[in-house]
file run_29.txt (compact mmCIF, C-alpha atoms and all ligand atoms)
# COMPACT_ATOMS: atom_id res chain seq x y z
CA MET A 218 0.00 0.00 0.00
CA LYS A 219 1.06 3.60 -0.45
CA VAL A 220 2.12 4.84 2.97
CA ALA A 221 2.92 8.45 3.86
CA VAL A 222 5.43 8.34 6.71
CA CYS A 223 5.36 11.60 8.70
CA SER A 224 7.99 13.16 10.98
CA THR A 225 10.82 10.94 9.80
CA GLN A 226 14.45 11.25 10.79
CA PRO A 227 17.25 9.35 9.03
CA TYR A 228 17.16 6.63 11.69
CA ASP A 229 13.40 6.11 11.10
CA ARG A 230 13.97 5.74 7.38
CA GLU A 231 16.81 3.26 7.95
CA SER A 232 14.86 1.00 10.29
CA LEU A 233 11.64 1.13 8.23
CA GLN A 234 13.45 0.48 4.95
CA ALA A 235 15.35 -2.45 6.44
CA ALA A 236 12.17 -4.02 7.82
CA ASN A 237 10.23 -3.25 4.63
CA ALA A 238 12.40 -5.71 2.66
CA ALA A 239 10.06 -8.37 4.04
CA PHE A 240 6.83 -6.42 3.43
CA GLY A 241 7.21 -4.50 0.18
CA GLN A 242 5.04 -1.52 1.09
CA GLN A 243 5.41 1.74 -0.87
CA LEU A 244 6.85 4.00 1.80
CA VAL A 245 7.00 7.74 1.06
CA PHE A 246 9.04 9.55 3.69
CA PHE A 247 8.40 13.09 4.88
CA GLU A 248 10.43 15.04 7.42
CA GLU A 249 7.45 17.29 8.12
CA ARG A 250 5.14 16.84 11.05
CA LEU A 251 1.44 16.40 10.37
CA SER A 252 -0.65 19.36 11.51
CA THR A 253 -3.39 21.56 10.11
CA LYS A 254 -0.65 23.49 8.26
CA THR A 255 0.75 20.42 6.48
CA ILE A 256 -2.43 18.52 5.57
CA ALA A 257 -1.88 19.05 1.82
CA LEU A 258 1.44 17.17 1.92
CA PHE A 259 -0.18 14.02 3.26
CA ALA A 260 -3.41 14.07 1.25
CA GLY A 261 -4.26 11.16 -1.04
CA TYR A 262 -2.54 8.34 0.84
CA PRO A 263 -4.66 5.42 2.12
CA VAL A 264 -2.19 4.87 4.97
CA LEU A 265 -0.51 7.39 7.21
CA CYS A 266 2.35 6.31 9.44
CA ALA A 267 2.53 8.85 12.27
CA PHE A 268 4.62 9.48 15.38
CA VAL A 269 4.17 11.05 18.82
CA ASN A 270 4.05 14.72 17.84
CA ASP A 271 1.98 14.46 14.66
CA ARG A 272 -1.39 16.05 15.41
CA LEU A 273 -4.31 14.01 14.15
CA ASP A 274 -7.20 16.16 15.33
CA ALA A 275 -10.73 16.15 13.89
CA GLU A 276 -9.96 18.81 11.26
CA VAL A 277 -6.86 17.00 9.98
CA LEU A 278 -8.61 13.61 9.97
CA GLN A 279 -11.68 14.92 8.15
CA ALA A 280 -9.51 16.48 5.43
CA LEU A 281 -7.40 13.34 4.98
CA SER A 282 -10.44 11.06 5.08
CA ASP A 283 -11.98 13.10 2.26
CA GLN A 284 -8.79 12.28 0.31
CA GLY A 285 -9.00 8.52 0.97
CA LEU A 286 -7.22 7.93 4.30
CA ARG A 287 -8.21 4.53 5.72
CA LEU A 288 -5.50 3.55 8.18
CA VAL A 289 -3.38 5.45 10.68
CA ALA A 290 -0.44 3.23 11.60
CA LEU A 291 1.16 4.81 14.66
CA ARG A 292 4.78 3.89 15.19
CA CYS A 293 4.46 4.44 18.95
CA ALA A 294 2.46 3.08 21.89
CA GLY A 295 0.66 6.25 23.01
CA PHE A 296 -2.28 7.55 20.95
CA ASN A 297 -3.09 10.75 22.86
CA ASN A 298 -2.30 12.78 19.71
CA VAL A 299 -5.14 11.15 17.75
CA ASP A 300 -8.81 12.11 18.04
CA ILE A 301 -10.10 8.54 18.30
CA GLU A 302 -13.76 9.64 18.32
CA ALA A 303 -13.16 11.32 14.96
CA THR A 304 -11.41 8.28 13.46
CA GLN A 305 -14.31 6.06 14.51
CA ARG A 306 -16.87 8.46 13.06
CA LEU A 307 -14.90 8.60 9.80
CA GLY A 308 -14.26 4.84 9.64
CA ILE A 309 -10.48 5.24 9.83
CA CYS A 310 -8.69 2.37 11.53
CA VAL A 311 -5.94 3.29 14.02
CA ALA A 312 -3.23 0.77 14.84
CA ARG A 313 -0.31 1.26 17.19
CA VAL A 314 2.77 -0.53 18.48
CA PRO A 315 1.59 -1.45 21.95
CA ALA A 316 4.87 -2.97 23.09
CA TYR A 317 8.21 -2.66 21.38
CA SER A 318 10.69 -2.72 24.16
CA PRO A 319 9.44 -1.60 27.53
CA HIS A 320 12.99 -2.18 28.74
CA SER A 321 14.29 0.67 26.57
CA VAL A 322 12.10 3.22 28.38
CA ALA A 323 12.55 1.56 31.76
CA GLU A 324 16.35 1.62 31.45
CA HIS A 325 16.26 5.26 30.36
CA THR A 326 14.17 6.06 33.44
CA LEU A 327 16.90 4.49 35.56
CA ALA A 328 19.55 6.48 33.68
CA LEU A 329 17.76 9.70 34.65
CA MET A 330 17.27 8.53 38.24
CA LEU A 331 20.92 7.58 38.75
CA ALA A 332 22.28 10.66 36.99
CA LEU A 333 20.13 13.00 39.07
CA ASN A 334 20.95 11.23 42.30
CA ARG A 335 24.72 11.11 41.78
CA LYS A 336 24.69 14.37 39.80
CA THR A 337 26.56 12.77 36.93
CA HIS A 338 25.37 15.49 34.54
CA ARG A 339 27.13 18.10 36.68
CA ALA A 340 30.21 15.98 37.36
CA TYR A 341 30.74 15.49 33.62
CA ASN A 342 30.99 19.24 33.04
CA ARG A 343 33.08 19.87 36.14
CA ILE A 344 35.75 17.34 35.26
CA ARG A 345 36.05 18.70 31.74
CA ASP A 346 36.60 22.12 33.31
CA GLY A 347 39.38 20.83 35.59
CA ASN A 348 37.16 21.19 38.66
CA PHE A 349 37.61 18.10 40.83
CA SER A 350 35.74 19.41 43.86
CA LEU A 351 33.00 17.14 45.21
CA HIS A 352 30.98 19.96 46.78
CA GLY A 353 27.36 19.74 45.71
CA LEU A 354 27.69 16.23 44.29
CA LEU A 355 26.48 14.34 47.36
CA GLY A 356 24.09 11.54 46.45
CA PHE A 357 22.11 8.90 48.33
CA GLU A 358 21.84 5.12 48.12
CA LEU A 359 18.85 3.77 46.25
CA ARG A 360 18.91 0.67 48.43
CA GLY A 361 16.18 0.94 51.04
CA ARG A 362 14.51 3.98 49.41
CA THR A 363 10.83 3.96 48.55
CA VAL A 364 9.91 4.41 44.92
CA GLY A 365 6.31 5.11 43.88
CA ILE A 366 5.38 3.91 40.39
CA ILE A 367 2.29 5.44 38.80
CA GLY A 368 1.15 3.11 36.02
CA THR A 369 2.35 -0.49 36.24
CA GLY A 370 1.82 -1.67 32.68
CA ARG A 371 4.68 -2.93 30.55
CA ILE A 372 7.13 -0.10 31.29
CA GLY A 373 6.13 0.33 34.94
CA GLN A 374 6.64 -3.39 35.46
CA ALA A 375 10.09 -3.30 33.82
CA VAL A 376 11.04 -0.38 36.09
CA ALA A 377 9.82 -2.36 39.12
CA GLU A 378 11.91 -5.38 38.09
CA ILE A 379 15.07 -3.25 37.83
CA LEU A 380 14.44 -1.39 41.10
CA ARG A 381 13.82 -4.65 42.92
CA GLY A 382 17.46 -5.46 42.12
CA PHE A 383 18.54 -2.16 43.69
CA GLY A 384 16.81 -3.13 46.94
CA CYS A 385 14.15 -0.41 46.80
CA ASN A 386 10.75 -0.59 48.50
CA LEU A 387 8.16 -0.36 45.77
CA LEU A 388 4.76 1.32 45.98
CA ALA A 389 2.42 1.62 43.04
CA TYR A 390 -0.80 3.21 41.95
CA ASP A 391 -2.74 1.99 38.92
CA ILE A 392 -6.40 1.75 38.00
CA ALA A 393 -5.76 -1.97 37.33
CA GLN A 394 -3.28 -3.96 39.37
CA ASN A 395 -0.65 -6.00 37.55
CA PRO A 396 -0.26 -9.44 39.18
CA ALA A 397 3.36 -9.67 37.94
CA CYS A 398 4.14 -6.51 39.94
CA SER A 399 2.37 -7.82 43.04
CA ALA A 400 4.46 -11.00 42.69
CA LEU A 401 7.60 -8.82 42.69
CA GLY A 402 6.54 -7.40 46.05
CA VAL A 403 5.12 -4.13 44.73
CA ASN A 404 2.62 -2.74 47.23
CA TYR A 405 -0.44 -1.14 45.60
CA VAL A 406 -1.65 1.92 47.52
CA GLY A 407 -3.81 4.98 46.90
CA LEU A 408 -2.27 8.11 45.38
CA ASP A 409 -2.24 9.89 48.76
CA ALA A 410 -0.13 7.18 50.39
CA LEU A 411 2.14 6.96 47.33
CA TYR A 412 2.75 10.74 47.39
CA ARG A 413 3.26 10.74 51.17
CA ASP A 414 5.66 7.78 51.40
CA SER A 415 7.79 7.89 48.23
CA ASP A 416 11.32 9.29 48.01
CA ILE A 417 11.14 8.92 44.23
CA ILE A 418 8.02 9.01 42.04
CA THR A 419 8.12 7.76 38.47
CA LEU A 420 5.30 8.14 35.93
CA HIS A 421 4.38 5.34 33.52
CA CYS A 422 0.67 5.88 32.85
CA PRO A 423 -0.78 6.99 29.50
CA LEU A 424 -1.92 10.54 28.88
CA ASN A 425 -5.71 10.68 28.93
CA GLN A 426 -8.46 12.79 30.48
CA GLN A 427 -7.83 11.28 33.92
CA THR A 428 -4.05 11.72 33.87
CA ARG A 429 -3.71 15.15 32.22
CA HIS A 430 -1.98 17.30 34.87
CA LEU A 431 -2.26 14.46 37.38
CA ILE A 432 0.88 15.97 38.88
CA ASP A 433 -0.39 19.48 39.62
CA ALA A 434 0.31 21.91 42.48
CA ALA A 435 -2.01 20.04 44.85
CA ALA A 436 -0.38 16.66 44.12
CA LEU A 437 3.12 18.14 44.47
CA ALA A 438 2.20 19.63 47.87
CA ARG A 439 1.23 16.15 49.09
CA MET A 440 4.65 14.66 48.22
CA ARG A 441 7.66 14.35 50.50
CA ARG A 442 9.81 17.47 50.60
CA GLY A 443 12.75 17.03 48.24
CA VAL A 444 11.08 14.23 46.27
CA MET A 445 12.64 13.07 42.99
CA LEU A 446 10.08 13.17 40.18
CA LEU A 447 10.63 11.32 36.90
CA ASN A 448 8.46 11.57 33.82
CA THR A 449 9.16 9.33 30.84
CA SER A 450 5.45 8.87 29.98
CA ARG A 451 3.84 11.91 28.33
CA GLY A 452 4.61 15.55 29.06
CA ALA A 453 1.11 16.73 29.95
CA VAL A 454 0.78 14.25 32.82
CA VAL A 455 2.76 16.93 34.67
CA ASP A 456 1.70 20.57 35.03
CA THR A 457 5.08 22.09 34.17
CA ALA A 458 4.32 25.53 35.63
CA ALA A 459 3.37 23.90 38.95
CA VAL A 460 6.55 21.82 39.01
CA ILE A 461 8.65 24.93 38.44
CA GLY A 462 7.03 26.44 41.55
CA ALA A 463 7.80 23.26 43.49
CA LEU A 464 11.44 23.27 42.30
CA LYS A 465 11.83 26.89 43.41
CA SER A 466 10.47 26.14 46.88
CA GLY A 467 12.52 22.94 47.26
CA GLN A 468 9.40 20.76 47.47
CA VAL A 469 10.74 18.90 44.41
CA GLY A 470 14.42 18.09 44.93
CA TYR A 471 15.10 16.51 41.56
CA LEU A 472 13.26 16.44 38.25
CA GLY A 473 14.04 14.08 35.39
CA MET A 474 11.98 14.36 32.25
CA ASP A 475 12.15 12.75 28.84
CA VAL A 476 8.85 14.27 27.75
CA TYR A 477 7.45 17.79 27.95
CA GLU A 478 3.98 19.28 27.52
CA GLN A 479 4.97 21.50 24.60
CA GLU A 480 7.62 19.17 23.16
CA GLY A 481 6.00 19.22 19.72
CA ASP A 482 7.53 22.66 19.14
CA LEU A 483 11.01 21.56 20.19
CA PHE A 484 11.93 17.91 20.21
CA PHE A 485 13.46 15.78 17.44
CA ARG A 486 15.02 18.81 15.73
CA ASN A 487 18.28 20.75 15.95
CA LEU A 488 17.29 24.23 17.12
CA SER A 489 20.76 25.16 18.36
CA GLU A 490 20.97 28.15 15.99
CA GLN A 491 17.64 29.56 17.13
CA VAL A 492 16.37 31.51 20.11
CA ILE A 493 13.99 29.19 21.97
CA GLN A 494 10.76 31.07 22.57
CA ASP A 495 9.36 28.73 25.22
CA ASP A 496 10.10 30.54 28.52
CA ILE A 497 8.78 27.69 30.68
CA PHE A 498 11.17 25.23 29.06
CA GLU A 499 14.06 27.69 29.30
CA ARG A 500 13.31 28.23 33.02
CA LEU A 501 13.53 24.47 33.58
CA LEU A 502 17.01 24.46 32.07
CA THR A 503 18.27 26.89 34.73
CA PHE A 504 17.84 24.44 37.62
CA PRO A 505 20.90 22.38 38.57
CA ASN A 506 18.64 19.56 39.78
CA VAL A 507 16.70 19.17 36.53
CA LEU A 508 17.76 16.74 33.82
CA ILE A 509 15.90 16.78 30.52
CA THR A 510 16.24 14.44 27.55
CA GLY A 511 14.34 14.96 24.29
CA HIS A 512 11.97 11.97 24.20
CA GLN A 513 14.70 9.38 23.70
CA GLY A 514 13.42 6.71 26.08
CA PHE A 515 12.37 4.56 23.12
CA PHE A 516 15.56 5.20 21.19
CA THR A 517 17.48 1.92 21.11
CA THR A 518 18.38 -0.32 18.18
CA GLU A 519 16.15 -3.04 19.61
CA ALA A 520 13.13 -0.76 19.93
CA LEU A 521 13.54 0.86 16.48
CA ALA A 522 13.70 -2.55 14.77
CA SER A 523 10.69 -3.78 16.71
CA ILE A 524 8.66 -0.59 16.02
CA ALA A 525 9.38 -0.85 12.29
CA ALA A 526 8.46 -4.55 12.10
CA THR A 527 5.22 -4.19 14.08
CA THR A 528 4.14 -1.08 12.16
CA LEU A 529 4.61 -2.85 8.82
CA GLU A 530 2.89 -5.97 10.17
CA ASN A 531 -0.08 -3.79 11.23
CA ILE A 532 -0.28 -2.33 7.72
CA ARG A 533 -0.09 -5.78 6.09
CA ASN A 534 -2.82 -7.13 8.38
CA PHE A 535 -5.06 -4.23 7.44
CA GLU A 536 -4.28 -4.69 3.76
CA GLN A 537 -5.04 -8.41 3.85
CA GLY A 538 -8.16 -8.36 6.01
CA GLY A 539 -9.31 -4.76 6.18
CA GLN A 540 -8.79 -5.21 9.92
CA CYS A 541 -6.20 -3.72 12.23
CA GLN A 542 -3.82 -5.76 14.24
CA ASN A 543 -3.14 -3.81 17.43
CA GLU A 544 -6.14 -1.61 16.79
CA VAL A 545 -6.86 1.26 19.15
CA THR A 546 -10.37 0.33 20.21
CA ARG A 547 -12.93 2.08 22.38
CA ALA A 548 -12.00 -0.24 25.24
CA LEU A 549 -8.57 1.42 25.41
CA LEU A 550 -10.17 4.86 25.89
CA ARG A 551 -10.69 4.95 29.61
P1 LIG B 601 0.78 0.16 29.20
O1 LIG B 601 -0.53 0.37 28.52
O2 LIG B 601 1.41 -1.19 29.18
O3 LIG B 601 0.66 0.60 30.74
C1 LIG B 601 0.01 1.76 31.16
C2 LIG B 601 -0.49 1.52 32.58
O4 LIG B 601 -1.07 2.74 33.04
C3 LIG B 601 -1.59 0.44 32.63
O5 LIG B 601 -1.28 -0.49 33.66
C4 LIG B 601 -2.84 1.23 32.96
O6 LIG B 601 -3.79 0.51 33.74
C5 LIG B 601 -2.25 2.40 33.74
N1 LIG B 601 -3.18 3.53 33.83
C6 LIG B 601 -4.12 3.93 32.94
N2 LIG B 601 -4.78 4.98 33.43
C7 LIG B 601 -4.24 5.26 34.64
C8 LIG B 601 -4.51 6.23 35.63
N3 LIG B 601 -5.50 7.12 35.48
N4 LIG B 601 -3.75 6.22 36.75
C9 LIG B 601 -2.78 5.30 36.93
N5 LIG B 601 -2.48 4.35 36.02
C10 LIG B 601 -3.20 4.33 34.90
O7 LIG B 601 1.75 1.24 28.60
P2 LIG B 601 3.36 1.22 28.62
O8 LIG B 601 3.85 0.53 27.40
O9 LIG B 601 3.85 0.79 29.95
O10 LIG B 601 3.66 2.78 28.40
C11 LIG B 601 3.36 3.74 29.40
C12 LIG B 601 3.44 5.11 28.78
O11 LIG B 601 4.82 5.40 28.49
C13 LIG B 601 2.76 5.19 27.41
O12 LIG B 601 1.41 5.48 27.52
C14 LIG B 601 3.51 6.29 26.71
O13 LIG B 601 2.82 7.49 26.94
C15 LIG B 601 4.86 6.31 27.42
N6 LIG B 601 5.97 5.95 26.54
C16 LIG B 601 7.03 6.79 26.49
C17 LIG B 601 8.11 6.47 25.68
C18 LIG B 601 9.34 7.34 25.62
O14 LIG B 601 10.11 7.24 24.65
N7 LIG B 601 9.60 8.18 26.61
C19 LIG B 601 8.08 5.31 24.90
C20 LIG B 601 6.96 4.47 25.00
C21 LIG B 601 5.92 4.81 25.81
call {"tool": "encode", "arguments": {"input": "run_29.txt", "output": "structure tokens"}}
result
Amino acid sequence: MKVAVCSTQPYDRESLQAANAAFGQQLVFFEERLSTKTIALFAGYPVLCAFVNDRLDAEVLQALSDQGLRLVALRCAGFNNVDIEATQRLGICVARVPAYSPHSVAEHTLALMLALNRKTHRAYNRIRDGNFSLHGLLGFELRGRTVGIIGTGRIGQAVAEILRGFGCNLLAYDIAQNPACSALGVNYVGLDALYRDSDIITLHCPLNQQTRHLIDAAALARMRRGVMLLNTSRGAVVDTAAVIGALKSGQVGYLGMDVYEQEGDLFFRNLSEQVIQDDIFERLLTFPNVLITGHQGFFTTEALASIAATTLENIRNFEQGGQCQNEVTRALLR
């Protein structure tokens, strides 16, 4: 089938082309992101292969449906950027890659946690500057600390498995308990208890109506003073303005984020020659105890190969049966 692939970087093209040797789809690559401004570029394709910051709202979907769009093949797990009501009304199938490598994101979460704790990001710069002082680099042992995991699906479970090895006490909150996590010794509690008792809180829930700004000023005030907060899920689960207030007051002692509410305007591009206009993001960069990565949790060779293969498999399934493998159904919209 003719597939318009949006928001592609060279590494996307490489992994999709390599996997496509076994599928033979007609892939047409675009660097551009899909938005109301770029609809014309993507018109006329029966299949659209989209990524996390492509915006598939009702206006975009209506326009592309009028031009023959039948399948949106997301090459990611989250689908918060797609108006699912609109796709169902228009008869457009949406497929995703529900699991490619939860370990990639889980391990990146640990990388942020360990770097923030031992201040590796600051030590790296100091040593290069000939500054061998240890002042300000004091860390703490993870062993015996309490980590609260919000969302214990595939990634949350992988994080729990790793942290078990570090000797952490594990608390979790989820709307559905995962028996594999309970078997690991994870203790499911309410959000209040998780906020109150956790030294570190890590977010692994999807972005939806219930979780948008789950971490707001009120939630932050209920956490332990000096808490470490990690977000590798979706940016808007955290109210960034509120977290800046909490960083200024010391209520949040460490912030690690791989995702950001307004990341669509920034991430996956080289903007080093430009003046960044996002003052909230720029304020975050001024804190010594904030570590930001640009949505790279998924970015491993294993995950890219798996994403490409599952995406092409989803397209082939649709082509052969008119049905979506890994379809985003109403049941997933909680
Ligand atoms: P998953 O569907 O396996 O798990 C999500 C868990 O969140 C489920 O257990 C679900 O019950 C729980 N949940 C749903 N609503 C909740 C709520 N209101 N409160 C608490 N828990 C709730 O998903 P996953 O594969 O583990 O991925 C988790 C999230 O990580 C994804 O939704 C995506 O947004 C994000 N992600 C980020 C990257 C990255 O590169 N940083 C890569 C992949 C996924």
call {"tool": "closest_residue", "arguments": {"input": "run_29.txt", "among": "A:Ser466, A:Gln243, A:Asn425, A:Ser489", "to": "Asp300 of chain A", "atoms": "only C-alpha atoms"}}
result
A:Asn425
call {"tool": "atom_distance", "arguments": {"input": "run_29.txt", "atom1": "atom CA of Ile417 of chain A", "atom2": "atom CA of Ala294 of chain A"}}
result
24.7 Å
call {"tool": "residues_around", "arguments": {"input": "run_29.txt", "residues": "Ile432 of chain A", "least_positions_apart": "5", "cutoff": "7 Å", "atoms": "all atoms listed in the file", "output": "list in words"}}
result
Leu437, Val454, Val455 and Asp456 of chain A
call {"tool": "residues_near_ligand", "arguments": {"input": "run_29.txt", "ligand": "ligand LIG 601 (chain B)", "cutoff": "8 Å", "atoms": "only C-alpha atoms and all ligand atoms", "output": "PyMOL selection string"}}
result
chain A and resi 293-297+315-316+319+321-322+367-374+390-395+420-425+427-428+449-451+475-476+512-516+551
call {"tool": "write_last_selection", "arguments": {"input": "run_29.txt", "atoms": "C-alpha atoms", "output": "PDB file, in the coordinates of the input"}}
result
ATOM      1  CA  CYS A 293       4.460   4.440  18.950  1.00  0.00           C
ATOM      2  CA  ALA A 294       2.460   3.080  21.890  1.00  0.00           C
ATOM      3  CA  GLY A 295       0.660   6.250  23.010  1.00  0.00           C
ATOM      4  CA  PHE A 296      -2.280   7.550  20.950  1.00  0.00           C
ATOM      5  CA  ASN A 297      -3.090  10.750  22.860  1.00  0.00           C
ATOM      6  CA  PRO A 315       1.590  -1.450  21.950  1.00  0.00           C
ATOM      7  CA  ALA A 316       4.870  -2.970  23.090  1.00  0.00           C
ATOM      8  CA  PRO A 319       9.440  -1.600  27.530  1.00  0.00           C
ATOM      9  CA  SER A 321      14.290   0.670  26.570  1.00  0.00           C
ATOM     10  CA  VAL A 322      12.100   3.220  28.380  1.00  0.00           C
ATOM     11  CA  ILE A 367       2.290   5.440  38.800  1.00  0.00           C
ATOM     12  CA  GLY A 368       1.150   3.110  36.020  1.00  0.00           C
ATOM     13  CA  THR A 369       2.350  -0.490  36.240  1.00  0.00           C
ATOM     14  CA  GLY A 370       1.820  -1.670  32.680  1.00  0.00           C
ATOM     15  CA  ARG A 371       4.680  -2.930  30.550  1.00  0.00           C
ATOM     16  CA  ILE A 372       7.130  -0.100  31.290  1.00  0.00           C
ATOM     17  CA  GLY A 373       6.130   0.330  34.940  1.00  0.00           C
ATOM     18  CA  GLN A 374       6.640  -3.390  35.460  1.00  0.00           C
ATOM     19  CA  TYR A 390      -0.800   3.210  41.950  1.00  0.00           C
ATOM     20  CA  ASP A 391      -2.740   1.990  38.920  1.00  0.00           C
ATOM     21  CA  ILE A 392      -6.400   1.750  38.000  1.00  0.00           C
ATOM     22  CA  ALA A 393      -5.760  -1.970  37.330  1.00  0.00           C
ATOM     23  CA  GLN A 394      -3.280  -3.960  39.370  1.00  0.00           C
ATOM     24  CA  ASN A 395      -0.650  -6.000  37.550  1.00  0.00           C
ATOM     25  CA  LEU A 420       5.300   8.140  35.930  1.00  0.00           C
ATOM     26  CA  HIS A 421       4.380   5.340  33.520  1.00  0.00           C
ATOM     27  CA  CYS A 422       0.670   5.880  32.850  1.00  0.00           C
ATOM     28  CA  PRO A 423      -0.780   6.990  29.500  1.00  0.00           C
ATOM     29  CA  LEU A 424      -1.920  10.540  28.880  1.00  0.00           C
ATOM     30  CA  ASN A 425      -5.710  10.680  28.930  1.00  0.00           C
ATOM     31  CA  GLN A 427      -7.830  11.280  33.920  1.00  0.00           C
ATOM     32  CA  THR A 428      -4.050  11.720  33.870  1.00  0.00           C
ATOM     33  CA  THR A 449       9.160   9.330  30.840  1.00  0.00           C
ATOM     34  CA  SER A 450       5.450   8.870  29.980  1.00  0.00           C
ATOM     35  CA  ARG A 451       3.840  11.910  28.330  1.00  0.00           C
ATOM     36  CA  ASP A 475      12.150  12.750  28.840  1.00  0.00           C
ATOM     37  CA  VAL A 476       8.850  14.270  27.750  1.00  0.00           C
ATOM     38  CA  HIS A 512      11.970  11.970  24.200  1.00  0.00           C
ATOM     39  CA  GLN A 513      14.700   9.380  23.700  1.00  0.00           C
ATOM     40  CA  GLY A 514      13.420   6.710  26.080  1.00  0.00           C
ATOM     41  CA  PHE A 515      12.370   4.560  23.120  1.00  0.00           C
ATOM     42  CA  PHE A 516      15.560   5.200  21.190  1.00  0.00           C
ATOM     43  CA  ARG A 551     -10.690   4.950  29.610  1.00  0.00           C
TER      44      ARG A 551
END
call {"tool": "residues_near_point", "arguments": {"input": "run_29.txt", "point": "(3.1, 26.6, 40.4)", "cutoff": "12 Å", "atoms": "all atoms listed in the file", "output": "mmCIF file with C-alpha atoms, in the frame of the given file"}}
result
data_model
loop_
_atom_site.group_PDB
_atom_site.id
_atom_site.type_symbol
_atom_site.label_atom_id
_atom_site.label_comp_id
_atom_site.auth_asym_id
_atom_site.auth_seq_id
_atom_site.Cartn_x
_atom_site.Cartn_y
_atom_site.Cartn_z
ATOM 1 C CA HIS A 430 -1.980 17.300 34.870
ATOM 2 C CA ILE A 432 0.880 15.970 38.880
ATOM 3 C CA ASP A 433 -0.390 19.480 39.620
ATOM 4 C CA ALA A 434 0.310 21.910 42.480
ATOM 5 C CA ALA A 435 -2.010 20.040 44.850
ATOM 6 C CA ALA A 436 -0.380 16.660 44.120
ATOM 7 C CA LEU A 437 3.120 18.140 44.470
ATOM 8 C CA ALA A 438 2.200 19.630 47.870
ATOM 9 C CA VAL A 455 2.760 16.930 34.670
ATOM 10 C CA ASP A 456 1.700 20.570 35.030
ATOM 11 C CA THR A 457 5.080 22.090 34.170
ATOM 12 C CA ALA A 458 4.320 25.530 35.630
ATOM 13 C CA ALA A 459 3.370 23.900 38.950
ATOM 14 C CA VAL A 460 6.550 21.820 39.010
ATOM 15 C CA ILE A 461 8.650 24.930 38.440
ATOM 16 C CA GLY A 462 7.030 26.440 41.550
ATOM 17 C CA ALA A 463 7.800 23.260 43.490
ATOM 18 C CA LEU A 464 11.440 23.270 42.300
ATOM 19 C CA LYS A 465 11.830 26.890 43.410
ATOM 20 C CA SER A 466 10.470 26.140 46.880
ATOM 21 C CA GLN A 468 9.400 20.760 47.470
ATOM 22 C CA VAL A 469 10.740 18.900 44.410
ATOM 23 C CA ILE A 497 8.780 27.690 30.680
#
call {"tool": "closest_residue", "arguments": {"input": "run_29.txt", "among": "A:Asn342, A:Thr546, A:Thr255, A:Asn404", "to": "Ala280 of chain A", "atoms": "all atoms listed in the file"}}
result
A:Thr255
call {"tool": "closest_residue", "arguments": {"input": "run_29.txt", "among": "A:Ala267, A:Leu251, A:Ser318, A:Val545", "to": "Thr518 of chain A", "atoms": "only C-alpha atoms"}}
result
A:Ser318
call {"tool": "closest_residue", "arguments": {"input": "run_29.txt", "among": "A:Cys266, A:Met440, A:Val376, A:Ile344", "to": "Leu401 of chain A", "atoms": "all atoms listed in the file"}}
result
A:Val376
call {"tool": "closest_residue", "arguments": {"input": "run_29.txt", "among": "A:Ala290, A:Ile524, A:Gln234, A:Ile301", "to": "Arg313 of chain A", "atoms": "all atoms listed in the file"}}
result
A:Ala290
